[in-house]
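Chemist: Input data_39.cif, format and content: mmCIF, C-alpha atoms and all ligand atoms.
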data_data
loop_
_atom_site.label_atom_id
_atom_site.label_comp_id
_atom_site.auth_asym_id
_atom_site.auth_seq_id
_atom_site.Cartn_x
_atom_site.Cartn_y
_atom_site.Cartn_z
CA MET A 1 -15.40 22.18 28.07
CA ILE A 2 -17.05 19.76 30.49
CA SER A 3 -18.72 16.59 29.22
CA PHE A 4 -21.04 14.55 31.40
CA GLY A 5 -21.02 10.86 30.43
CA ILE A 6 -23.39 8.00 31.17
CA GLU A 7 -22.69 4.29 30.59
CA THR A 8 -25.34 1.59 31.14
CA SER A 9 -24.80 -0.87 28.28
CA CYS A 10 -24.33 -4.01 30.37
CA ASP A 11 -23.88 -4.58 34.10
CA GLU A 12 -22.00 -1.46 35.19
CA THR A 13 -23.83 1.78 35.93
CA SER A 14 -21.35 4.61 35.50
CA VAL A 15 -21.34 8.40 35.32
CA ALA A 16 -18.41 10.76 34.79
CA PHE A 17 -17.42 14.36 34.34
CA VAL A 18 -14.53 14.84 31.93
CA GLU A 19 -12.94 18.23 31.20
CA ASP A 20 -11.41 19.17 27.85
CA ALA A 21 -12.09 15.66 26.51
CA VAL A 22 -9.31 13.91 28.44
CA LYS A 23 -9.18 15.11 32.06
CA ILE A 24 -11.24 12.97 34.41
CA LYS A 25 -12.93 14.99 37.17
CA VAL A 26 -14.84 11.98 38.46
CA ASN A 27 -15.60 8.49 37.12
CA LEU A 28 -18.07 6.60 39.34
CA ILE A 29 -18.76 2.95 38.58
CA SER A 30 -21.38 0.87 40.34
CA SER A 31 -20.82 -2.76 39.38
CA GLN A 32 -23.65 -5.28 39.49
CA VAL A 33 -21.26 -8.22 39.17
CA LYS A 34 -22.11 -9.65 42.61
CA ILE A 35 -25.82 -9.73 41.76
CA HIS A 36 -25.37 -11.43 38.38
CA GLN A 37 -22.78 -13.89 39.75
CA GLU A 38 -25.60 -15.80 41.41
CA TYR A 39 -27.01 -16.56 37.95
CA GLY A 40 -23.70 -17.30 36.23
CA GLY A 41 -24.06 -14.38 33.81
CA VAL A 42 -25.82 -11.08 33.22
CA VAL A 43 -29.62 -11.20 33.57
CA PRO A 44 -30.87 -8.37 31.33
CA GLU A 45 -34.05 -7.53 33.30
CA ILE A 46 -32.15 -7.31 36.57
CA ALA A 47 -29.46 -5.17 34.90
CA SER A 48 -32.05 -2.62 33.70
CA ARG A 49 -33.72 -2.44 37.09
CA LYS A 50 -30.41 -1.93 38.88
CA HIS A 51 -29.38 0.81 36.44
CA LEU A 52 -32.66 2.55 37.20
CA GLU A 53 -32.05 2.32 40.95
CA ASN A 54 -28.43 3.47 40.66
CA ILE A 55 -28.36 6.21 38.09
CA ASN A 56 -29.76 9.17 40.05
CA VAL A 57 -27.76 8.27 43.14
CA LEU A 58 -24.54 8.23 41.09
CA ILE A 59 -25.38 11.55 39.40
CA ASP A 60 -25.88 13.19 42.80
CA GLN A 61 -22.60 11.72 44.07
CA ALA A 62 -20.70 12.95 41.00
CA LEU A 63 -22.00 16.49 41.50
CA GLU A 64 -21.22 16.41 45.20
CA GLN A 65 -17.70 14.98 44.83
CA THR A 66 -16.60 17.42 42.14
CA GLY A 67 -18.52 20.52 43.20
CA ILE A 68 -19.42 20.93 39.51
CA SER A 69 -22.78 22.61 38.88
CA TRP A 70 -24.83 21.99 35.76
CA ASP A 71 -24.30 25.52 34.44
CA GLN A 72 -20.59 24.63 34.02
CA VAL A 73 -21.42 21.60 31.85
CA ASP A 74 -21.32 21.81 28.04
CA LEU A 75 -22.68 18.50 26.81
CA ILE A 76 -24.35 15.25 27.82
CA SER A 77 -22.98 11.99 26.35
CA ALA A 78 -24.48 8.53 26.70
CA THR A 79 -23.82 5.06 25.29
CA LYS A 80 -26.43 4.32 22.63
CA GLY A 81 -25.13 0.86 21.68
CA PRO A 82 -24.09 -1.85 21.33
CA GLY A 83 -25.42 -3.47 24.48
CA LEU A 84 -28.53 -4.78 26.23
CA VAL A 85 -31.56 -2.89 25.00
CA GLY A 86 -33.26 -2.36 28.37
CA ALA A 87 -29.98 -1.39 30.02
CA LEU A 88 -29.09 1.10 27.28
CA LEU A 89 -32.57 2.65 27.51
CA VAL A 90 -32.04 3.69 31.13
CA GLY A 91 -28.86 5.64 30.33
CA VAL A 92 -30.25 7.20 27.17
CA ALA A 93 -33.48 8.25 28.95
CA ALA A 94 -31.43 9.86 31.73
CA ALA A 95 -29.25 11.66 29.16
CA LYS A 96 -32.28 12.93 27.24
CA SER A 97 -33.91 14.19 30.44
CA LEU A 98 -30.77 16.10 31.42
CA SER A 99 -30.40 17.46 27.92
CA VAL A 100 -33.97 18.83 27.89
CA ALA A 101 -34.02 20.09 31.46
CA LEU A 102 -30.65 21.84 31.16
CA ASP A 103 -30.85 22.75 27.49
CA LEU A 104 -27.55 21.01 26.74
CA PRO A 105 -26.46 19.22 23.54
CA LEU A 106 -26.99 15.46 23.51
CA ILE A 107 -24.38 13.08 22.05
CA GLY A 108 -24.87 9.34 21.48
CA VAL A 109 -21.70 7.28 21.74
CA ASN A 110 -20.76 3.91 20.28
CA HIS A 111 -19.55 1.85 23.23
CA LEU A 112 -16.81 0.09 21.25
CA VAL A 113 -15.42 3.35 19.95
CA ALA A 114 -15.41 4.65 23.50
CA HIS A 115 -13.29 1.68 24.62
CA VAL A 116 -10.64 2.81 22.11
CA TYR A 117 -10.98 6.43 23.29
CA ALA A 118 -10.25 5.34 26.88
CA ASN A 119 -6.62 5.39 25.72
CA PHE A 120 -6.79 9.18 25.22
CA LEU A 121 -7.65 9.63 28.90
CA GLU A 122 -4.19 8.40 29.87
CA HIS A 123 -2.27 9.20 26.70
CA PRO A 124 -3.70 12.56 25.64
CA ASP A 125 -0.81 13.16 23.25
CA LEU A 126 -1.69 10.17 21.08
CA ARG A 127 -1.58 10.96 17.38
CA PHE A 128 -3.24 9.23 14.43
CA PRO A 129 -2.88 6.87 12.65
CA PHE A 130 -3.05 3.85 14.91
CA LEU A 131 -4.31 0.30 15.03
CA ALA A 132 -6.71 -0.71 17.79
CA LEU A 133 -7.19 -4.20 19.11
CA ILE A 134 -10.63 -4.23 20.75
CA VAL A 135 -11.17 -7.23 23.00
CA SER A 136 -14.29 -7.16 25.14
CA GLY A 137 -17.05 -9.46 26.33
CA GLY A 138 -19.07 -8.94 23.17
CA HIS A 139 -16.49 -8.01 20.51
CA THR A 140 -13.04 -8.86 19.23
CA CYS A 141 -11.66 -6.91 16.29
CA LEU A 142 -8.65 -5.16 14.86
CA VAL A 143 -9.29 -1.75 13.35
CA GLU A 144 -7.25 0.92 11.64
CA MET A 145 -7.93 4.54 12.59
CA LYS A 146 -6.48 7.33 10.48
CA GLU A 147 -8.41 10.18 12.08
CA HIS A 148 -11.12 10.74 14.67
CA PHE A 149 -14.18 8.56 14.13
CA SER A 150 -12.99 7.05 10.91
CA TRP A 151 -12.10 3.42 11.07
CA LYS A 152 -11.57 0.46 8.85
CA THR A 153 -12.15 -3.01 10.26
CA LEU A 154 -9.16 -5.21 9.41
CA GLY A 155 -10.51 -8.32 11.07
CA ALA A 156 -13.15 -9.41 13.56
CA THR A 157 -14.26 -12.56 15.29
CA ARG A 158 -16.37 -14.93 13.24
CA ASP A 159 -18.05 -16.43 16.30
CA ASP A 160 -17.28 -15.88 19.98
CA ALA A 161 -15.51 -12.81 21.34
CA ALA A 162 -12.35 -13.30 23.41
CA GLY A 163 -14.10 -12.17 26.63
CA GLU A 164 -17.01 -14.49 25.87
CA ALA A 165 -14.51 -17.37 25.55
CA PHE A 166 -13.07 -16.50 28.98
CA ASP A 167 -16.57 -16.33 30.49
CA LYS A 168 -17.86 -19.54 28.86
CA VAL A 169 -14.74 -21.56 29.68
CA ALA A 170 -14.84 -20.31 33.28
CA ARG A 171 -18.40 -21.57 33.45
CA ILE A 172 -17.39 -24.97 31.98
CA LEU A 173 -14.62 -25.20 34.59
CA ASP A 174 -16.99 -24.03 37.34
CA LEU A 175 -14.95 -20.93 38.14
CA GLY A 176 -17.82 -18.43 38.33
CA TYR A 177 -18.63 -15.18 36.51
CA PRO A 178 -17.01 -13.13 35.03
CA GLY A 179 -14.39 -15.59 33.88
CA GLY A 180 -11.62 -13.31 32.66
CA PRO A 181 -10.31 -12.00 35.99
CA VAL A 182 -10.48 -15.45 37.67
CA ILE A 183 -8.64 -17.21 34.83
CA ASP A 184 -6.07 -14.39 34.70
CA GLN A 185 -5.31 -14.83 38.43
CA LEU A 186 -5.16 -18.65 38.32
CA ALA A 187 -3.01 -18.58 35.18
CA LYS A 188 -0.32 -16.59 36.99
CA LYS A 189 0.48 -19.77 38.96
CA GLY A 190 0.10 -22.13 36.01
CA ASP A 191 2.13 -23.53 33.12
CA PRO A 192 0.84 -22.28 29.73
CA GLU A 193 2.58 -25.17 27.93
CA LYS A 194 0.96 -27.93 29.98
CA ILE A 195 -2.02 -28.58 27.68
CA ARG A 196 -2.02 -27.77 23.97
CA PHE A 197 -5.48 -26.31 23.25
CA PRO A 198 -6.20 -25.45 19.59
CA ARG A 199 -5.44 -21.99 18.18
CA SER A 200 -7.46 -20.71 15.28
CA TYR A 201 -5.51 -18.53 12.85
CA LEU A 202 -7.96 -18.87 9.90
CA GLU A 203 -6.55 -18.20 6.41
CA PRO A 204 -2.84 -17.25 6.17
CA ASP A 205 -3.61 -13.60 5.37
CA SER A 206 -6.64 -13.29 7.66
CA LEU A 207 -6.73 -10.73 10.45
CA GLY A 208 -9.94 -12.26 11.82
CA PHE A 209 -10.46 -14.39 14.92
CA SER A 210 -12.41 -17.47 15.95
CA TYR A 211 -12.83 -18.74 19.49
CA SER A 212 -15.71 -21.22 19.34
CA GLY A 213 -13.36 -24.12 18.47
CA LEU A 214 -11.24 -23.42 21.52
CA LYS A 215 -14.30 -23.25 23.76
CA THR A 216 -15.64 -26.54 22.34
CA SER A 217 -12.26 -28.17 22.80
CA VAL A 218 -12.19 -27.25 26.51
CA MET A 219 -15.81 -28.38 26.88
CA ASN A 220 -15.15 -31.76 25.25
CA ALA A 221 -11.96 -32.31 27.23
CA GLN A 222 -13.87 -31.55 30.43
CA LYS A 223 -16.77 -33.88 29.49
CA ARG A 224 -14.43 -36.73 28.58
CA GLY A 225 -12.60 -36.29 31.86
CA ASP A 226 -9.33 -35.49 30.03
CA LEU A 227 -8.66 -32.54 32.32
CA LYS A 228 -8.71 -34.68 35.47
CA GLY A 229 -5.24 -34.87 36.93
CA PHE A 230 -4.26 -31.39 35.73
CA ARG A 231 -4.01 -28.50 38.17
CA ILE A 232 -6.69 -25.84 37.57
CA GLU A 233 -3.87 -23.25 37.37
CA ASP A 234 -2.29 -25.16 34.46
CA ILE A 235 -5.64 -25.55 32.67
CA ALA A 236 -6.30 -21.80 33.08
CA ALA A 237 -2.82 -20.82 31.86
CA SER A 238 -2.97 -23.20 28.88
CA PHE A 239 -6.42 -21.95 27.85
CA GLN A 240 -5.42 -18.30 28.31
CA GLU A 241 -2.35 -18.83 26.12
CA ALA A 242 -4.59 -20.22 23.36
CA VAL A 243 -6.69 -17.02 23.53
CA VAL A 244 -3.69 -14.71 23.61
CA ASP A 245 -1.57 -16.32 20.85
CA PRO A 246 -3.88 -15.36 17.93
CA LEU A 247 -4.43 -11.86 19.37
CA VAL A 248 -0.69 -11.23 19.40
CA GLU A 249 -0.07 -12.86 16.02
CA LYS A 250 -2.88 -10.95 14.26
CA THR A 251 -1.69 -7.68 15.78
CA ARG A 252 1.83 -8.38 14.48
CA ARG A 253 0.42 -9.16 11.03
CA ALA A 254 -1.67 -5.96 11.04
CA VAL A 255 1.40 -3.86 11.89
CA LEU A 256 3.31 -5.50 9.04
CA LYS A 257 0.44 -5.17 6.58
CA THR A 258 -0.41 -1.51 7.28
CA GLY A 259 3.02 -0.21 8.30
CA ILE A 260 1.30 1.56 11.22
CA LYS A 261 3.57 1.48 14.23
CA GLN A 262 1.16 2.37 17.05
CA VAL A 263 -1.22 -0.14 18.62
CA LEU A 264 -3.95 0.67 21.15
CA LEU A 265 -5.41 -2.09 23.27
CA ALA A 266 -9.03 -1.64 24.37
CA GLY A 267 -11.96 -3.40 26.10
CA GLY A 268 -12.35 -5.54 29.21
CA VAL A 269 -9.94 -8.27 28.08
CA ALA A 270 -7.27 -5.55 27.74
CA CYS A 271 -6.97 -5.96 31.55
CA ASN A 272 -5.51 -9.42 30.99
CA SER A 273 -2.00 -9.46 32.38
CA ARG A 274 -0.70 -12.14 29.99
CA LEU A 275 -2.10 -10.33 26.92
CA ARG A 276 -0.43 -7.10 28.06
CA GLU A 277 2.85 -8.90 28.72
CA ARG A 278 2.87 -10.77 25.39
CA LEU A 279 1.93 -7.66 23.39
CA LYS A 280 4.64 -5.69 25.18
CA GLN A 281 7.19 -8.33 24.18
CA ALA A 282 5.89 -8.25 20.59
CA SER A 283 6.06 -4.45 20.51
CA GLU A 284 9.74 -4.60 21.46
CA LYS A 285 10.54 -7.38 19.01
CA PHE A 286 8.60 -5.97 16.08
CA ASP A 287 9.18 -2.32 16.84
CA PHE A 288 5.76 -0.77 17.44
CA ALA A 289 4.49 1.45 20.24
CA LEU A 290 1.87 -0.13 22.50
CA TYR A 291 -0.72 1.75 24.56
CA TYR A 292 -3.30 0.44 26.96
CA PRO A 293 -5.45 2.09 29.62
CA SER A 294 -5.16 1.18 33.30
CA PRO A 295 -7.54 -1.66 34.26
CA LYS A 296 -10.28 0.62 35.65
CA LEU A 297 -10.52 2.35 32.27
CA CYS A 298 -10.41 -0.91 30.27
CA THR A 299 -13.68 -2.25 31.63
CA ASP A 300 -16.97 -0.41 31.23
CA ASN A 301 -16.91 3.15 32.56
CA ALA A 302 -18.47 6.52 31.76
CA ALA A 303 -15.22 8.50 31.51
CA MET A 304 -14.54 6.87 28.14
CA ILE A 305 -18.08 7.78 27.04
CA ALA A 306 -17.65 11.41 28.12
CA CYS A 307 -14.27 11.48 26.35
CA ALA A 308 -15.55 10.08 23.02
CA GLY A 309 -18.63 12.34 23.38
CA SER A 310 -16.37 15.39 23.64
CA PHE A 311 -14.51 14.52 20.43
CA LEU A 312 -17.84 13.92 18.64
CA TYR A 313 -19.10 17.26 19.93
CA GLN A 314 -15.96 19.00 18.62
CA LYS A 315 -16.66 17.39 15.28
CA GLY A 316 -20.14 18.98 15.27
CA VAL A 317 -22.14 15.81 15.91
CA ARG A 318 -25.46 16.38 17.73
CA GLU A 319 -28.47 14.17 18.45
CA ASP A 320 -32.05 15.19 19.07
CA LEU A 321 -34.63 13.68 21.37
CA GLY A 322 -35.43 11.12 18.69
CA MET A 323 -32.13 9.41 19.50
CA ASP A 324 -32.75 5.70 19.91
CA VAL A 325 -30.70 2.93 21.44
CA ILE A 326 -29.05 0.60 18.92
CA PRO A 327 -28.32 -2.75 20.64
CA GLN A 328 -26.47 -4.13 17.58
CA LEU A 329 -24.63 -0.93 16.67
CA GLU A 330 -21.83 -1.93 14.31
CA GLY A 331 -21.17 1.31 12.44
CA PHE A 332 -18.86 4.00 13.61
CA LEU A 333 -19.41 7.72 14.03
CA ASN A 334 -22.84 7.34 15.69
O1 LIG A 401 -15.43 -4.28 27.94
P1 LIG A 401 -16.15 -5.04 28.98
O2 LIG A 401 -16.14 -4.50 30.38
O3 LIG A 401 -17.64 -5.24 28.57
C1 LIG A 401 -18.05 -5.34 27.23
O4 LIG A 401 -18.13 -4.28 26.57
O5 LIG A 401 -18.25 -6.50 26.79
O6 LIG A 401 -15.54 -6.50 28.95
C2 LIG A 401 -15.97 -7.50 29.81
C3 LIG A 401 -15.18 -8.74 29.50
C4 LIG A 401 -15.68 -9.98 30.21
O7 LIG A 401 -15.82 -11.01 29.27
C5 LIG A 401 -14.56 -10.28 31.21
O8 LIG A 401 -14.42 -11.67 31.49
C6 LIG A 401 -13.36 -9.75 30.47
O9 LIG A 401 -13.81 -8.57 29.87
N1 LIG A 401 -12.23 -9.47 31.36
C7 LIG A 401 -11.06 -10.13 31.32
C8 LIG A 401 -10.26 -9.63 32.38
N2 LIG A 401 -10.97 -8.65 33.02
C9 LIG A 401 -12.18 -8.57 32.38
N3 LIG A 401 -10.63 -11.09 30.48
C10 LIG A 401 -9.39 -11.58 30.69
N4 LIG A 401 -8.58 -11.17 31.68
C11 LIG A 401 -8.97 -10.19 32.54
N5 LIG A 401 -8.15 -9.79 33.52
ZN ZN A 402 -17.43 -2.66 27.19
#
Would you write the structure of this file as structure tokens?

Modeler:
Amino acid sequence: MISFGIETSCDETSVAFVEDAVKIKVNLISSQVKIHQEYGGVVPEIASRKHLENINVLIDQALEQTGISWDQVDLISATKGPGLVGALLVGVAAAKSLSVALDLPLIGVNHLVAHVYANFLEHPDLRFPFLALIVSGGHTCLVEMKEHFSWKTLGATRDDAAGEAFDKVARILDLGYPGGPVIDQLAKKGDPEKIRFPRSYLEPDSLGFSYSGLKTSVMNAQKRGDLKGFRIEDIAASFQEAVVDPLVEKTRRAVLKTGIKQVLLAGGVACNSRLRERLKQASEKFDFALYYPSPKLCTDNAAMIACAGSFLYQKGVREDLGMDVIPQLEGFLN
């Protein structure tokens, strides 16, 4: 079974062919980061236009690089949300066109779910149940999954997402966009104990998150000039530690509370080297198995869309041409 996947929810145009749900034949990603960097963040209109310019070129390249012909393909999967409406529309329109022209089933995929499914691409033997910690630019949540496409949210952020905190703090510190990778690199040469930024753990039994207080604290410290005299590496490491601490602690609490001993890390912030390191330590100390995809599969890519699309297809899910984009998609299955 070959699934063709399209991802255009934010600033990466990506297409992929995935065989038997988990084998990547090709996963092409055209990043617009350099274009948006000039503006300090993603400009939605520019993102849509770039997706439009890129999508057909990438599709042609994917066909050429794999030698796959359309008559070998079984389904077309595309991200239908959450994401930027204009950006999503480009991918969904392309998927609908292919579906009609080739008479292939169309599957709409929840982008967040797909981030979790990226783990199957490298750990195809994964078995339910597991917990997933999803940490991306737009979302931060802990979910419990007992079977395919059935999840229970254990906790989510009440304000900013972890990735958003990285991006906003990088902007406050004048480090450019996107903030996560830059802060990660600087933090490697910094002391995480140098400055004590606030951690938000919420109520004692809460599995939720809150990052706006941390962001405000960095902003106020910067405005007051309190950060003068500190090395940028130490500021980055201290801030990063304040993001990572609650993620690790809530994951530990979720393992204890549910008794589920497998944790999957997902989303762009799952690239963060300190988060990976701290969760690895926690997994050894508290005896749970930890899985995370390699960095290329943590950030936005179409292989994870084609993968989740294949599992939805196996479950009998189909969309028709009425399929719409859902920028605020919070539900699960589709
Ligand atoms: O999952 P993703 O590619 O897009 C969304 O679905 O939101 O995540 C992008 C986010 C950005 O906020 C970016 O700063 C963050 O992931 N990110 C990182 C790292 N690499 C990307 N955050 C921390 N450390 C990293 N190494
Ligand atoms: Zn994403």

Chemist: List as a ChimeraX atom specification: which residues have an atom within 8 Å of (-27.9, -3.5, 21.6), counting only C-alpha atoms?

Modeler: /A:9,81-85,88,325-329

Chemist: Please measure the separation of CA of Ala93 in chain A and CA of Gly137 in chain A, giving the value in Å to one decimal.

Modeler: 24.3 Å

Chemist: Give the answer as one residue: which of A:Leu186, A:Ala266, A:Leu52, A:Leu133 has the shortest atom-to-atom distance to Arg252 in chain A, using only C-alpha atoms?

Modeler: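 Ranked by minimum distance to Arg252 in chain A, first place goes to A:Leu133.
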
Chemist: Please identify all polymer residues within 12 Å of range 221-228 of chain A, counting all atoms listed in the file, omitting same-chain residues fewer than 5 positions from it, and present them as a list of chain:residue names.

Modeler: A:Val169, A:Ala170, A:Arg171, A:Ile172, A:Leu173, A:Asp174, A:Lys194, A:Ile195, A:Arg196, A:Phe197, A:Pro198, A:Leu214, A:Lys215, A:Thr216, A:Glu233, A:Asp234, A:Ile235, A:Ala236, A:Ser238, A:Phe239

Chemist: Box for range 51-58 of chain A - axis-aligned, 5 Å on each of the six sides, all listed atoms - centre and size in Å to one decimal, as JSON.

Modeler:
{"center_x": -28.6, "center_y": 5.0, "center_z": 39.8, "size_x": 18.1, "size_y": 18.4, "size_z": 16.7}

Chemist: Check the smallest atom-to-atom distance from each of A:Ser273, A:Thr79, A:Gln240, A:Thr251 to Gly108 in chain A using all atoms listed in the file, then report the winner.

Modeler: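 Among A:Ser273, A:Thr79, A:Gln240, A:Thr251, it is A:Thr79 that comes nearest to Gly108 in chain A.
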
Chemist: Could you jot down the CA of Ala21 in chain A to CA of Ala47 in chain A separation for me, Å, one decimal place?

Modeler: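 Separation between CA of Ala21 in chain A and CA of Ala47 in chain A: 28.4 Å.
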
Chemist: Skipping near chain neighbours, those fewer than 4 positions away, what residues fall within 7 Å of Phe288 in chain A using all atoms listed in the file, listed as a PyMOL selection string?

Modeler: chain A and resi 261-262+283-284

Chemist: Counting all atoms listed in the file, figure out which residue out of A:Glu12, A:Asn301, A:Ala242, A:Val263 gets nearest to Ile35 in chain A.

Modeler: A:Glu12

Chemist: Which chain A residues have any atom within 9 Å of an atom of ligand LIG 401 (chain A), and for each, what is the nearest pair of atoms with distance in Å to one decimal, counting all atoms listed in the file, rows sorted by chain and number, as a tab-separated table?

Modeler:
residue	atom	partner	partner_atom	distance
A:Ser9	CA	A:LIG401	O4	7.7
A:Cys10	CA	A:LIG401	O3	7.0
A:Asp11	CA	A:LIG401	O3	8.4
A:Glu12	CA	A:LIG401	O2	8.2
A:Pro82	CA	A:LIG401	O4	8.3
A:Gly83	CA	A:LIG401	O4	7.6
A:His111	CA	A:LIG401	O4	7.1
A:Leu112	CA	A:LIG401	O4	7.0
A:His115	CA	A:LIG401	O1	7.2
A:Ile134	CA	A:LIG401	O1	8.6
A:Val135	CA	A:LIG401	O1	7.2
A:Ser136	CA	A:LIG401	O6	4.1
A:Gly137	CA	A:LIG401	O5	3.2
A:Gly138	CA	A:LIG401	O5	4.4
A:His139	CA	A:LIG401	O5	6.7
A:Ala161	CA	A:LIG401	O7	8.1
A:Ala162	CA	A:LIG401	O7	7.2
A:Gly163	CA	A:LIG401	O7	3.4
A:Glu164	CA	A:LIG401	O7	5.0
A:Ala165	CA	A:LIG401	O7	7.5
A:Phe166	CA	A:LIG401	O8	5.6
A:Asp167	CA	A:LIG401	O8	5.2
A:Lys168	CA	A:LIG401	O7	8.8
A:Ala170	CA	A:LIG401	O8	8.8
A:Tyr177	CA	A:LIG401	O8	7.4
A:Pro178	CA	A:LIG401	O8	4.6
A:Gly179	CA	A:LIG401	O8	4.6
A:Gly180	CA	A:LIG401	N3	3.3
A:Pro181	CA	A:LIG401	N5	4.0
A:Val182	CA	A:LIG401	N5	7.4
A:Ile183	CA	A:LIG401	N4	6.8
A:Asp184	CA	A:LIG401	N4	5.1
A:Gln185	CA	A:LIG401	N5	7.6
A:Gln240	CA	A:LIG401	C10	8.2
A:Ala266	CA	A:LIG401	O1	7.8
A:Gly267	CA	A:LIG401	O1	4.0
A:Gly268	CA	A:LIG401	O6	3.3
A:Val269	CA	A:LIG401	N3	3.8
A:Ala270	CA	A:LIG401	C8	6.9
A:Cys271	CA	A:LIG401	N5	4.5
A:Asn272	CA	A:LIG401	N4	3.6
A:Ser273	CA	A:LIG401	N5	6.3
A:Arg274	CA	A:LIG401	N4	8.1
A:Leu275	CA	A:LIG401	N4	8.1
A:Pro295	CA	A:LIG401	N2	7.9
A:Cys298	CA	A:LIG401	O1	6.5
A:Thr299	CA	A:LIG401	O2	3.6
A:Asp300	CA	A:LIG401	O2	4.3
A:Asn301	CA	A:LIG401	O2	8.0

Chemist: Next, dump the selected residues to file, keeping only C-alpha atoms, as a CSV table (one decimal), keeping the file's coordinate frame.

Modeler:
chain,number,residue,atom,x,y,z
A,9,SER,CA,-24.8,-0.9,28.3
A,10,CYS,CA,-24.3,-4.0,30.4
A,11,ASP,CA,-23.9,-4.6,34.1
A,12,GLU,CA,-22.0,-1.5,35.2
A,82,PRO,CA,-24.1,-1.8,21.3
A,83,GLY,CA,-25.4,-3.5,24.5
A,111,HIS,CA,-19.6,1.8,23.2
A,112,LEU,CA,-16.8,0.1,21.2
A,115,HIS,CA,-13.3,1.7,24.6
A,134,ILE,CA,-10.6,-4.2,20.8
A,135,VAL,CA,-11.2,-7.2,23.0
A,136,SER,CA,-14.3,-7.2,25.1
A,137,GLY,CA,-17.0,-9.5,26.3
A,138,GLY,CA,-19.1,-8.9,23.2
A,139,HIS,CA,-16.5,-8.0,20.5
A,161,ALA,CA,-15.5,-12.8,21.3
A,162,ALA,CA,-12.4,-13.3,23.4
A,163,GLY,CA,-14.1,-12.2,26.6
A,164,GLU,CA,-17.0,-14.5,25.9
A,165,ALA,CA,-14.5,-17.4,25.6
A,166,PHE,CA,-13.1,-16.5,29.0
A,167,ASP,CA,-16.6,-16.3,30.5
A,168,LYS,CA,-17.9,-19.5,28.9
A,170,ALA,CA,-14.8,-20.3,33.3
A,177,TYR,CA,-18.6,-15.2,36.5
A,178,PRO,CA,-17.0,-13.1,35.0
A,179,GLY,CA,-14.4,-15.6,33.9
A,180,GLY,CA,-11.6,-13.3,32.7
A,181,PRO,CA,-10.3,-12.0,36.0
A,182,VAL,CA,-10.5,-15.4,37.7
A,183,ILE,CA,-8.6,-17.2,34.8
A,184,ASP,CA,-6.1,-14.4,34.7
A,185,GLN,CA,-5.3,-14.8,38.4
A,240,GLN,CA,-5.4,-18.3,28.3
A,266,ALA,CA,-9.0,-1.6,24.4
A,267,GLY,CA,-12.0,-3.4,26.1
A,268,GLY,CA,-12.4,-5.5,29.2
A,269,VAL,CA,-9.9,-8.3,28.1
A,270,ALA,CA,-7.3,-5.6,27.7
A,271,CYS,CA,-7.0,-6.0,31.6
A,272,ASN,CA,-5.5,-9.4,31.0
A,273,SER,CA,-2.0,-9.5,32.4
A,274,ARG,CA,-0.7,-12.1,30.0
A,275,LEU,CA,-2.1,-10.3,26.9
A,295,PRO,CA,-7.5,-1.7,34.3
A,298,CYS,CA,-10.4,-0.9,30.3
A,299,THR,CA,-13.7,-2.2,31.6
A,300,ASP,CA,-17.0,-0.4,31.2
A,301,ASN,CA,-16.9,3.2,32.6
